[in-house]
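As provided, work-v3.cif (mmCIF, C-alpha atoms and all ligand atoms) reads as follows.
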```cif
data_structure
loop_
_atom_site.group_PDB
_atom_site.id
_atom_site.type_symbol
_atom_site.label_atom_id
_atom_site.label_comp_id
_atom_site.auth_asym_id
_atom_site.auth_seq_id
_atom_site.Cartn_x
_atom_site.Cartn_y
_atom_site.Cartn_z
ATOM 1 C CA MET B 1 -21.737 92.248 -27.172
ATOM 2 C CA SER B 2 -23.355 90.885 -24.028
ATOM 3 C CA GLU B 3 -23.915 93.252 -21.142
ATOM 4 C CA ILE B 4 -23.946 90.394 -18.671
ATOM 5 C CA SER B 5 -20.575 89.908 -17.013
ATOM 6 C CA SER B 6 -19.353 86.405 -16.274
ATOM 7 C CA ASP B 7 -20.162 86.958 -12.587
ATOM 8 C CA GLU B 8 -23.842 87.485 -13.322
ATOM 9 C CA ARG B 9 -24.358 84.484 -15.556
ATOM 10 C CA PRO B 10 -26.325 81.702 -13.839
ATOM 11 C CA ASP B 11 -24.174 78.764 -12.764
ATOM 12 C CA PRO B 12 -25.012 75.712 -14.931
ATOM 13 C CA THR B 13 -25.020 73.482 -11.839
ATOM 14 C CA GLY B 14 -27.735 75.590 -10.239
ATOM 15 C CA ALA B 15 -25.522 76.457 -7.252
ATOM 16 C CA PRO B 16 -25.798 80.035 -5.976
ATOM 17 C CA THR B 17 -23.300 82.443 -7.513
ATOM 18 C CA THR B 18 -23.744 85.202 -4.948
ATOM 19 C CA VAL B 19 -24.455 85.269 -1.221
ATOM 20 C CA GLU B 20 -26.517 88.166 0.098
ATOM 21 C CA THR B 21 -24.846 89.696 3.130
ATOM 22 C CA PRO B 22 -25.991 92.734 5.150
ATOM 23 C CA LEU B 23 -23.246 94.629 3.308
ATOM 24 C CA GLY B 24 -24.322 93.587 -0.176
ATOM 25 C CA PRO B 25 -23.900 90.609 -2.478
ATOM 26 C CA VAL B 26 -20.602 88.666 -2.410
ATOM 27 C CA PRO B 27 -19.736 86.490 -5.446
ATOM 28 C CA VAL B 28 -19.235 82.869 -4.347
ATOM 29 C CA THR B 29 -18.267 79.542 -5.824
ATOM 30 C CA PRO B 30 -19.235 76.021 -4.645
ATOM 31 C CA ARG B 31 -16.483 73.553 -3.754
ATOM 32 C CA VAL B 32 -15.900 69.878 -3.142
ATOM 33 C CA CYS B 33 -14.418 68.709 0.176
ATOM 34 C CA PRO B 34 -10.979 70.381 0.224
ATOM 35 C CA ALA B 35 -9.503 67.378 2.058
ATOM 36 C CA CYS B 36 -10.822 64.310 0.207
ATOM 37 C CA GLY B 37 -12.512 65.751 -2.880
ATOM 38 C CA ALA B 38 -15.967 64.338 -2.075
ATOM 39 C CA ALA B 39 -18.846 66.140 -3.811
ATOM 40 C CA ASN B 40 -20.988 67.386 -0.937
ATOM 41 C CA ALA B 41 -23.373 69.765 -2.729
ATOM 42 C CA ALA B 42 -26.346 67.935 -1.189
ATOM 43 C CA VAL B 43 -24.945 68.006 2.367
ATOM 44 C CA ALA B 44 -26.864 70.382 4.650
ATOM 45 C CA PRO B 45 -25.064 73.202 6.499
ATOM 46 C CA GLY B 46 -23.913 72.049 9.941
ATOM 47 C CA PRO B 47 -24.203 73.559 13.443
ATOM 48 C CA TYR B 48 -21.208 75.848 12.986
ATOM 49 C CA SER B 49 -22.855 77.704 10.110
ATOM 50 C CA ARG B 50 -23.699 81.350 10.563
ATOM 51 C CA PRO B 51 -26.129 82.570 7.907
ATOM 52 C CA PRO B 52 -25.545 83.505 5.198
ATOM 53 C CA TRP B 53 -22.376 81.380 5.498
ATOM 54 C CA ALA B 54 -22.604 77.581 5.560
ATOM 55 C CA ILE B 55 -20.102 75.301 7.293
ATOM 56 C CA LYS B 56 -20.265 71.641 6.253
ATOM 57 C CA THR B 57 -18.798 68.470 7.711
ATOM 58 C CA CYS B 58 -17.694 66.063 4.987
ATOM 59 C CA PRO B 59 -19.602 62.750 5.425
ATOM 60 C CA ALA B 60 -16.666 60.890 3.844
ATOM 61 C CA CYS B 61 -13.721 62.242 5.868
ATOM 62 C CA ALA B 62 -15.203 64.501 8.602
ATOM 63 C CA PHE B 63 -13.326 67.582 7.393
ATOM 64 C CA VAL B 64 -15.089 70.844 8.364
ATOM 65 C CA TYR B 65 -15.167 73.620 5.774
ATOM 66 C CA LEU B 66 -16.974 76.626 4.321
ATOM 67 C CA ASP B 67 -19.111 75.972 1.219
ATOM 68 C CA PRO B 68 -19.691 77.987 -0.928
ATOM 69 C CA VAL B 69 -16.650 80.257 -0.632
ATOM 70 C CA PRO B 70 -16.156 83.878 -1.714
ATOM 71 C CA ARG B 71 -14.460 84.076 -5.081
ATOM 72 C CA TYR B 72 -10.875 85.293 -5.329
ATOM 73 C CA GLU B 73 -11.878 88.538 -6.999
ATOM 74 C CA ALA B 74 -14.122 89.304 -4.036
ATOM 75 C CA LEU B 75 -11.207 88.674 -1.674
ATOM 76 C CA ASN B 76 -9.008 90.969 -3.646
ATOM 77 C CA GLU B 77 -11.076 93.861 -4.786
ATOM 78 C CA THR B 78 -14.511 94.385 -3.348
ATOM 79 C CA LEU B 79 -15.172 97.052 -0.824
ATOM 80 C CA SER B 80 -17.852 94.849 0.718
ATOM 81 C CA TRP B 81 -15.125 92.391 1.634
ATOM 82 C CA GLU B 82 -13.263 94.896 3.802
ATOM 83 C CA LYS B 83 -16.559 95.923 5.368
ATOM 84 C CA SER B 84 -17.477 92.308 5.994
ATOM 85 C CA ARG B 85 -14.190 91.881 7.860
ATOM 86 C CA GLU B 86 -15.042 94.844 10.065
ATOM 87 C CA ALA B 87 -18.507 93.437 10.721
ATOM 88 C CA GLU B 88 -16.994 90.046 11.576
ATOM 89 C CA ASN B 89 -14.533 91.642 13.988
ATOM 90 C CA ALA B 90 -17.430 93.463 15.652
ATOM 91 C CA ARG B 91 -19.393 90.224 15.993
ATOM 92 C CA ARG B 92 -16.433 88.470 17.567
ATOM 93 C CA ALA B 93 -15.863 91.346 19.992
ATOM 94 C CA ARG B 94 -19.546 91.272 21.027
ATOM 95 C CA GLU B 95 -19.442 87.552 21.734
ATOM 96 C CA ARG B 96 -16.086 87.467 23.425
ATOM 97 C CA PRO B 97 -17.375 87.949 27.000
ATOM 98 C CA VAL B 98 -19.319 84.677 26.754
ATOM 99 C CA SER B 99 -16.197 82.596 26.327
ATOM 100 C CA TYR B 100 -13.898 85.043 28.082
ATOM 101 C CA LYS B 101 -13.283 83.055 31.264
ATOM 102 C CA VAL B 102 -12.362 79.864 29.491
ATOM 103 C CA SER B 103 -10.217 81.636 26.949
ATOM 104 C CA THR B 104 -8.376 83.657 29.571
ATOM 105 C CA ALA B 105 -7.610 80.577 31.627
ATOM 106 C CA LEU B 106 -6.302 78.756 28.586
ATOM 107 C CA ARG B 107 -4.302 81.749 27.468
ATOM 108 C CA LYS B 108 -2.589 81.871 30.875
ATOM 109 C CA ARG B 109 -1.693 78.238 30.478
ATOM 110 C CA ASN B 110 -0.253 78.905 27.055
ATOM 111 C CA ARG B 111 2.050 81.557 28.450
ATOM 112 C CA LEU B 112 4.034 78.658 29.884
ATOM 113 C CA PHE B 113 5.170 78.048 26.326
ATOM 114 C CA PRO B 114 7.330 80.571 24.503
ATOM 115 C CA ARG B 115 5.709 82.582 21.708
ATOM 116 C CA ARG B 116 6.731 81.377 18.317
ATOM 117 C CA ASP B 117 8.156 83.561 15.601
ATOM 118 C CA ILE B 118 7.915 81.919 12.193
ATOM 119 C CA ALA B 119 10.934 83.718 10.710
ATOM 120 C CA ARG B 120 13.095 82.541 13.635
ATOM 121 C CA MET B 121 11.772 79.001 13.089
ATOM 122 C CA ALA B 122 12.750 79.178 9.414
ATOM 123 C CA GLU B 123 16.274 80.241 10.383
ATOM 124 C CA GLN B 124 16.468 77.479 12.967
ATOM 125 C CA HIS B 125 15.220 74.653 10.731
ATOM 126 C CA ALA B 126 16.317 75.613 7.207
ATOM 127 C CA PRO B 127 19.701 76.560 5.747
ATOM 128 C CA PRO B 128 20.178 80.052 4.241
ATOM 129 C CA GLY B 129 18.544 80.475 0.834
ATOM 130 C CA ASN B 130 15.277 81.597 -0.683
ATOM 131 C CA VAL B 131 12.341 81.717 1.736
ATOM 132 C CA VAL B 132 8.757 82.323 0.641
ATOM 133 C CA ASP B 133 6.147 83.875 2.931
ATOM 134 C CA ILE B 134 2.753 82.833 1.597
ATOM 135 C CA GLY B 135 0.221 85.555 2.295
ATOM 136 C CA CYS B 136 3.092 87.892 3.144
ATOM 137 C CA ALA B 137 0.993 91.095 3.447
ATOM 138 C CA GLU B 138 3.303 94.128 3.298
ATOM 139 C CA GLY B 139 6.371 91.952 3.791
ATOM 140 C CA GLY B 140 7.223 92.939 7.362
ATOM 141 C CA ARG B 141 7.490 89.378 8.633
ATOM 142 C CA ALA B 142 9.802 88.093 5.887
ATOM 143 C CA MET B 143 11.953 91.228 6.109
ATOM 144 C CA THR B 144 12.990 90.171 9.642
ATOM 145 C CA LEU B 145 14.789 87.126 8.159
ATOM 146 C CA LYS B 146 18.467 87.507 8.783
ATOM 147 C CA GLU B 147 21.132 87.972 6.111
ATOM 148 C CA GLY B 148 21.579 84.972 3.848
ATOM 149 C CA TYR B 149 17.834 84.312 3.761
ATOM 150 C CA VAL B 150 16.328 85.982 0.695
ATOM 151 C CA PRO B 151 12.689 87.043 1.215
ATOM 152 C CA PHE B 152 10.059 86.105 -1.373
ATOM 153 C CA GLY B 153 6.316 86.369 -1.037
ATOM 154 C CA ILE B 154 2.911 85.780 -2.555
ATOM 155 C CA GLU B 155 0.118 88.160 -1.711
ATOM 156 C CA ILE B 156 -3.401 88.478 -3.084
ATOM 157 C CA SER B 157 -3.848 92.165 -2.230
ATOM 158 C CA ALA B 158 -2.525 94.387 -5.030
ATOM 159 C CA GLU B 159 -1.493 97.194 -2.698
ATOM 160 C CA LEU B 160 0.227 95.013 -0.115
ATOM 161 C CA SER B 161 2.035 92.904 -2.715
ATOM 162 C CA ALA B 162 3.436 96.046 -4.382
ATOM 163 C CA GLU B 163 4.809 97.227 -1.043
ATOM 164 C CA ALA B 164 6.257 93.778 -0.246
ATOM 165 C CA ASN B 165 7.805 93.542 -3.718
ATOM 166 C CA ARG B 166 9.549 96.881 -3.245
ATOM 167 C CA ARG B 167 10.980 95.779 0.110
ATOM 168 C CA PHE B 168 11.981 92.253 -0.989
ATOM 169 C CA ALA B 169 13.658 93.527 -4.180
ATOM 170 C CA ALA B 170 16.162 95.467 -2.073
ATOM 171 C CA ARG B 171 17.337 92.092 -0.757
ATOM 172 C CA GLY B 172 17.245 90.182 -4.050
ATOM 173 C CA GLY B 173 13.753 88.724 -3.617
ATOM 174 C CA ARG B 174 10.332 89.575 -5.009
ATOM 175 C CA CYS B 175 6.628 89.312 -4.279
ATOM 176 C CA GLU B 176 4.082 87.827 -6.668
ATOM 177 C CA HIS B 177 0.633 89.382 -6.765
ATOM 178 C CA ALA B 178 -1.550 86.283 -7.118
ATOM 179 C CA PRO B 179 -3.478 83.604 -5.246
ATOM 180 C CA ALA B 180 -0.905 81.243 -3.673
ATOM 181 C CA SER B 181 -1.777 78.348 -5.989
ATOM 182 C CA VAL B 182 -0.975 80.541 -9.003
ATOM 183 C CA GLY B 183 1.921 82.547 -7.546
ATOM 184 C CA LEU B 184 3.935 79.438 -6.678
ATOM 185 C CA THR B 185 3.798 78.235 -10.304
ATOM 186 C CA ARG B 186 6.035 81.196 -11.213
ATOM 187 C CA PHE B 187 9.017 79.733 -9.312
ATOM 188 C CA ASP B 188 11.432 77.006 -10.413
ATOM 189 C CA ASP B 189 11.606 73.473 -9.006
ATOM 190 C CA GLY B 190 13.515 73.319 -5.722
ATOM 191 C CA PHE B 191 13.786 77.118 -5.505
ATOM 192 C CA PHE B 192 13.005 77.554 -1.788
ATOM 193 C CA THR B 193 14.724 76.239 1.330
ATOM 194 C CA ALA B 194 11.687 77.167 3.437
ATOM 195 C CA ALA B 195 8.079 78.283 3.132
ATOM 196 C CA MET B 196 6.227 80.167 5.831
ATOM 197 C CA LEU B 197 2.470 79.566 6.055
ATOM 198 C CA ARG B 198 1.415 81.536 9.093
ATOM 199 C CA SER B 199 -2.383 81.762 9.429
ATOM 200 C CA PHE B 200 -2.618 81.017 5.732
ATOM 201 C CA LEU B 201 -3.952 77.510 5.001
ATOM 202 C CA GLU B 202 -7.243 78.141 6.825
ATOM 203 C CA HIS B 203 -7.943 80.842 4.190
ATOM 204 C CA GLU B 204 -6.891 78.836 1.132
ATOM 205 C CA THR B 205 -9.722 77.440 -1.019
ATOM 206 C CA GLU B 206 -7.309 75.042 -2.768
ATOM 207 C CA PRO B 207 -4.975 73.737 -0.041
ATOM 208 C CA HIS B 208 -4.048 70.627 -2.052
ATOM 209 C CA THR B 209 -2.899 72.729 -5.010
ATOM 210 C CA VAL B 210 -0.730 74.860 -2.728
ATOM 211 C CA LEU B 211 0.818 71.801 -1.038
ATOM 212 C CA ALA B 212 1.508 70.203 -4.426
ATOM 213 C CA GLU B 213 3.248 73.393 -5.579
ATOM 214 C CA LEU B 214 5.240 73.486 -2.340
ATOM 215 C CA ALA B 215 6.341 69.899 -2.926
ATOM 216 C CA ARG B 216 7.631 71.055 -6.317
ATOM 217 C CA THR B 217 9.216 74.391 -5.340
ATOM 218 C CA LEU B 218 10.893 73.321 -2.080
ATOM 219 C CA SER B 219 14.442 71.986 -2.275
ATOM 220 C CA PRO B 220 14.964 68.299 -1.366
ATOM 221 C CA SER B 221 15.669 69.282 2.259
ATOM 222 C CA GLY B 222 13.199 72.188 2.172
ATOM 223 C CA ILE B 223 10.557 72.651 4.845
ATOM 224 C CA ALA B 224 7.179 74.314 5.173
ATOM 225 C CA ILE B 225 6.243 75.826 8.515
ATOM 226 C CA VAL B 226 2.496 75.881 9.106
ATOM 227 C CA LYS B 227 0.405 77.634 11.733
ATOM 228 C CA VAL B 228 -3.368 77.094 11.600
ATOM 229 C CA PRO B 229 -6.257 77.174 14.080
ATOM 230 C CA ASN B 230 -6.740 73.759 15.707
ATOM 231 C CA PHE B 231 -10.358 72.655 15.281
ATOM 232 C CA ALA B 232 -9.661 69.804 17.722
ATOM 233 C CA SER B 233 -8.658 72.260 20.467
ATOM 234 C CA LEU B 234 -10.199 72.101 23.936
ATOM 235 C CA ASN B 235 -11.452 75.667 23.620
ATOM 236 C CA ARG B 236 -13.377 74.798 20.443
ATOM 237 C CA ARG B 237 -14.965 71.834 22.193
ATOM 238 C CA LEU B 238 -15.927 73.994 25.173
ATOM 239 C CA THR B 239 -17.114 77.125 23.390
ATOM 240 C CA GLY B 240 -18.682 75.484 20.327
ATOM 241 C CA ARG B 241 -19.719 77.919 17.632
ATOM 242 C CA LYS B 242 -18.425 80.831 19.709
ATOM 243 C CA TRP B 243 -14.855 79.543 19.357
ATOM 244 C CA CYS B 244 -12.432 82.302 18.362
ATOM 245 C CA GLY B 245 -11.168 80.147 15.462
ATOM 246 C CA PHE B 246 -14.372 80.697 13.496
ATOM 247 C CA ARG B 247 -14.149 83.591 11.059
ATOM 248 C CA TYR B 248 -16.957 84.031 8.545
ATOM 249 C CA PRO B 249 -16.267 83.898 5.676
ATOM 250 C CA ASP B 250 -12.437 84.265 5.865
ATOM 251 C CA HIS B 251 -11.684 80.835 7.295
ATOM 252 C CA VAL B 252 -12.622 78.254 4.695
ATOM 253 C CA ASN B 253 -10.838 75.171 6.162
ATOM 254 C CA TYR B 254 -10.905 73.903 9.748
ATOM 255 C CA PHE B 255 -7.930 71.604 10.295
ATOM 256 C CA THR B 256 -7.186 69.147 13.068
ATOM 257 C CA PRO B 257 -3.722 67.658 13.680
ATOM 258 C CA LYS B 258 -5.003 64.493 11.992
ATOM 259 C CA SER B 259 -6.387 66.161 8.853
ATOM 260 C CA LEU B 260 -3.326 68.378 8.433
ATOM 261 C CA THR B 261 -1.097 65.315 8.776
ATOM 262 C CA GLU B 262 -3.141 63.413 6.176
ATOM 263 C CA MET B 263 -3.232 66.301 3.715
ATOM 264 C CA ALA B 264 0.533 66.835 3.996
ATOM 265 C CA ALA B 265 1.169 63.099 3.543
ATOM 266 C CA ARG B 266 -0.610 63.126 0.185
ATOM 267 C CA HIS B 267 2.143 65.436 -1.074
ATOM 268 C CA GLY B 268 5.030 63.468 0.404
ATOM 269 C CA PHE B 269 5.385 65.504 3.609
ATOM 270 C CA LYS B 270 5.512 64.367 7.205
ATOM 271 C CA ALA B 271 3.958 66.849 9.631
ATOM 272 C CA ASP B 272 6.113 67.282 12.728
ATOM 273 C CA PHE B 273 4.275 69.004 15.591
ATOM 274 C CA GLY B 274 7.091 68.555 18.102
ATOM 275 C CA LEU B 275 6.186 68.302 21.781
ATOM 276 C CA THR B 276 4.076 71.452 21.987
ATOM 277 C CA GLY B 277 2.905 72.131 18.436
ATOM 278 C CA ALA B 278 -0.513 70.533 18.818
ATOM 279 C CA ILE B 279 -1.392 70.772 22.494
ATOM 280 C CA PRO B 280 -5.190 70.775 22.990
ATOM 281 C CA THR B 281 -5.100 73.829 25.273
ATOM 282 C CA SER B 282 -3.956 76.051 22.415
ATOM 283 C CA ASP B 283 -6.399 77.403 19.809
ATOM 284 C CA ASN B 284 -3.670 77.074 17.174
ATOM 285 C CA MET B 285 -1.257 74.399 16.072
ATOM 286 C CA TRP B 286 2.210 74.540 14.557
ATOM 287 C CA ALA B 287 3.761 71.950 12.282
ATOM 288 C CA ILE B 288 6.952 71.654 10.297
ATOM 289 C CA LEU B 289 6.358 69.753 7.049
ATOM 290 C CA ARG B 290 9.383 67.783 5.888
ATOM 291 C CA ARG B 291 9.679 65.390 2.991
ATOM 292 C CA ARG B 292 9.218 61.814 4.018
ATOM 293 C CA THR B 293 12.309 59.781 3.294
ATOM 294 C CA GLY B 294 12.405 56.107 2.402
HETATM 295 ZN ZN ZN I 301 -13.845 64.916 2.768
#
```
Give the structure from this file in structure tokens form.
Amino acid sequence: MSEISSDERPDPTGAPTTVETPLGPVPVTPRVCPACGAANAAVAPGPYSRPPWAIKTCPACAFVYLDPVPRYEALNETLSWEKSREAENARRARERPVSYKVSTALRKRNRLFPRRDIARMAEQHAPPGNVVDIGCAEGGRAMTLKEGYVPFGIEISAELSAEANRRFAARGGRCEHAPASVGLTRFDDGFFTAAMLRSFLEHETEPHTVLAELARTLSPSGIAIVKVPNFASLNRRLTGRKWCGFRYPDHVNYFTPKSLTEMAARHGFKADFGLTGAIPTSDNMWAILRRRTG
């Protein structure tokens, strides 16, 4: 019996299988462009990289993304992952004063617009029924859905998904402990009236797989509500690599209104940003994905 675990076996493609971080090695996997599928192994890390993490811009479609990415098991289980989050938070806090003035001014501007609550949006735009919160954590957000909306969730953390499952079960729902692309496969066609993807898609290594599963599991009139950082935002253009939307290595996709629209369209959805969902003065954007008709 071999003593070498699958994680330690050299990758046949020659790509690195671990990234050395100050907190220890993190298992990683290479990826193609998550937007267009182009093989960009030979593309050099771009200006938004922060060693040991590489950010690439796809030469074919201009999508900006992390490559390689931490493997799912590292996201779920390793202690070094939690520590790396703490270290990343510390880095962001240290750098905040540099972009503080710009950010504060923009934040004041954004106060002109009401804060959005994704559960209220689901109630406003979808009829009562089953609602899935993708990356639901401990379930607190979905539990605020009013009566008639049954909370379901998918969560990659074992502890959080157990807590969410306990809470959702009391209302007839459940939480799947799995990556989103796998968890959604456990639900029937047309099962959900709405899906909530709040600060989720920027973390998802397989966004196309998740959107394809949403196209299958949403009812004919079902909607997906998406909130992601807006890489095309004014603040990102002004603050460059110090933009608050960069999180290493948690954020693996950097969407713009255009790339989100194009990705959604490939799965039969039209992305509706409304009047204020994609304003350049906000660091984030909001879209409601509806099936295209006709
Ligand atoms: Zn591409």
Selection dump of the PyMOL selection byres (((chain B and resi 163-171) around 12) and not hetatm), as a ChimeraX atom specification:
/B:129-162,172-177
Closest pair table for chain B residues within 12 Å of ligand ZN 301 (chain I), all atoms listed in the file, as a Markdown table:
```
| residue | atom | partner | partner_atom | distance |
| --- | --- | --- | --- | --- |
| B:Arg31 | CA | I:ZN301 | ZN | 11.1 |
| B:Val32 | CA | I:ZN301 | ZN | 8.0 |
| B:Cys33 | CA | I:ZN301 | ZN | 4.6 |
| B:Pro34 | CA | I:ZN301 | ZN | 6.7 |
| B:Ala35 | CA | I:ZN301 | ZN | 5.0 |
| B:Cys36 | CA | I:ZN301 | ZN | 4.0 |
| B:Gly37 | CA | I:ZN301 | ZN | 5.9 |
| B:Ala38 | CA | I:ZN301 | ZN | 5.3 |
| B:Ala39 | CA | I:ZN301 | ZN | 8.4 |
| B:Asn40 | CA | I:ZN301 | ZN | 8.4 |
| B:Val43 | CA | I:ZN301 | ZN | 11.5 |
| B:Lys56 | CA | I:ZN301 | ZN | 9.9 |
| B:Thr57 | CA | I:ZN301 | ZN | 7.8 |
| B:Cys58 | CA | I:ZN301 | ZN | 4.6 |
| B:Pro59 | CA | I:ZN301 | ZN | 6.7 |
| B:Ala60 | CA | I:ZN301 | ZN | 5.0 |
| B:Cys61 | CA | I:ZN301 | ZN | 4.1 |
| B:Ala62 | CA | I:ZN301 | ZN | 6.0 |
| B:Phe63 | CA | I:ZN301 | ZN | 5.4 |
| B:Val64 | CA | I:ZN301 | ZN | 8.2 |
| B:Tyr65 | CA | I:ZN301 | ZN | 9.3 |
| B:Asn253 | CA | I:ZN301 | ZN | 11.2 |
| B:Tyr254 | CA | I:ZN301 | ZN | 11.8 |
| B:Phe255 | CA | I:ZN301 | ZN | 11.7 |
| B:Ser259 | CA | I:ZN301 | ZN | 9.7 |
| B:Glu262 | CA | I:ZN301 | ZN | 11.3 |
| B:Met263 | CA | I:ZN301 | ZN | 10.7 |
```
How would the residues just picked look written out with C-alpha atoms as a compact mmCIF listing (two decimals), in the frame of the given file?
```
# COMPACT_ATOMS: atom_id res chain seq x y z
CA ARG B 31 -16.48 73.55 -3.75
CA VAL B 32 -15.90 69.88 -3.14
CA CYS B 33 -14.42 68.71 0.18
CA PRO B 34 -10.98 70.38 0.22
CA ALA B 35 -9.50 67.38 2.06
CA CYS B 36 -10.82 64.31 0.21
CA GLY B 37 -12.51 65.75 -2.88
CA ALA B 38 -15.97 64.34 -2.08
CA ALA B 39 -18.85 66.14 -3.81
CA ASN B 40 -20.99 67.39 -0.94
CA VAL B 43 -24.94 68.01 2.37
CA LYS B 56 -20.26 71.64 6.25
CA THR B 57 -18.80 68.47 7.71
CA CYS B 58 -17.69 66.06 4.99
CA PRO B 59 -19.60 62.75 5.42
CA ALA B 60 -16.67 60.89 3.84
CA CYS B 61 -13.72 62.24 5.87
CA ALA B 62 -15.20 64.50 8.60
CA PHE B 63 -13.33 67.58 7.39
CA VAL B 64 -15.09 70.84 8.36
CA TYR B 65 -15.17 73.62 5.77
CA ASN B 253 -10.84 75.17 6.16
CA TYR B 254 -10.90 73.90 9.75
CA PHE B 255 -7.93 71.60 10.30
CA SER B 259 -6.39 66.16 8.85
CA GLU B 262 -3.14 63.41 6.18
CA MET B 263 -3.23 66.30 3.72
```
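Our summary of the geometry notes that atom CA of Pro179 of chain B is positioned 9.5 Å from atom CA of Val210 of chain B.
Among the candidate residues B:Arg247, B:Arg198, B:Lys242, B:Arg116, the one lying nearest to Ala224 of chain B is B:Arg198, with distances computed using only C-alpha atoms.
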Could you put an axis-aligned box around every listed atom of segment 24-34 of chain B, padded by 6 Å on each side, and send me its centre and edge lengths in Å to one decimal, as AutoDock Vina command-line options?
```
--center_x -17.7 --center_y 81.1 --center_z -2.8 --size_x 25.3 --size_y 36.9 --size_z 18.0
```
Inset, instruction - Decode the PyMOL selection byres (((chain B and resi 47) around 10) and not hetatm) for the given file into explicit residues and return them as number ranges by chain. - result: B: 44-46, 48-50, 54-57, 240-241
Can you list, as a ChimeraX atom specification, the residues that the PyMOL selection byres (((chain B and resi 185) around 12) and not hetatm) selects here? /B:154,176,178-184,186-191,209-218
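Across the model, the gap from atom CA of Gly245 of chain B to atom CA of Ala194 of chain B is 26.0 Å.
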**Request:** Within 8 Å of Phe273 of chain B, counting all atoms listed in the file, which residues show up once you throw out same-chain ones fewer than 3 positions away? Write them as number ranges by chain, please.
**Result:** B: 276-278, 285-288
One decimal place gives the atom CA of Phe269 of chain B-atom CA of Val228 of chain B separation as 16.6 Å
One residue among B:Glu86, B:Glu95, B:Asp117, B:Asp67 is nearest to Val226 of chain B when using only C-alpha atoms, and that residue is B:Asp117
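Proximity of B:Lys227, B:Arg92, B:Arg71, B:Arg291 to Tyr248 of chain B, computed with only C-alpha atoms, is greatest for B:Arg92.
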Using all atoms listed in the file, the best pick from B:Gly268, B:Pro229, B:Pro127, B:Pro52 as closest to Thr21 of chain B would be B:Pro52
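Distances to Arg94 of chain B were evaluated for B:Leu238, B:Ala271, B:Cys244, B:Ile225 using only C-alpha atoms, and the minimum falls at B:Cys244.
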Across B:Ile223, B:Ala232, B:Leu66, B:Leu289, the smallest distance to Gly274 of chain B, with all atoms listed in the file counted, is shown by B:Leu289
field: Neighbours of point (-4.6, 72.8, 4.2) within 7 Å, using only C-alpha atoms, written as number ranges by chain
entry: B: 201-202, 207-208, 253, 260, 263
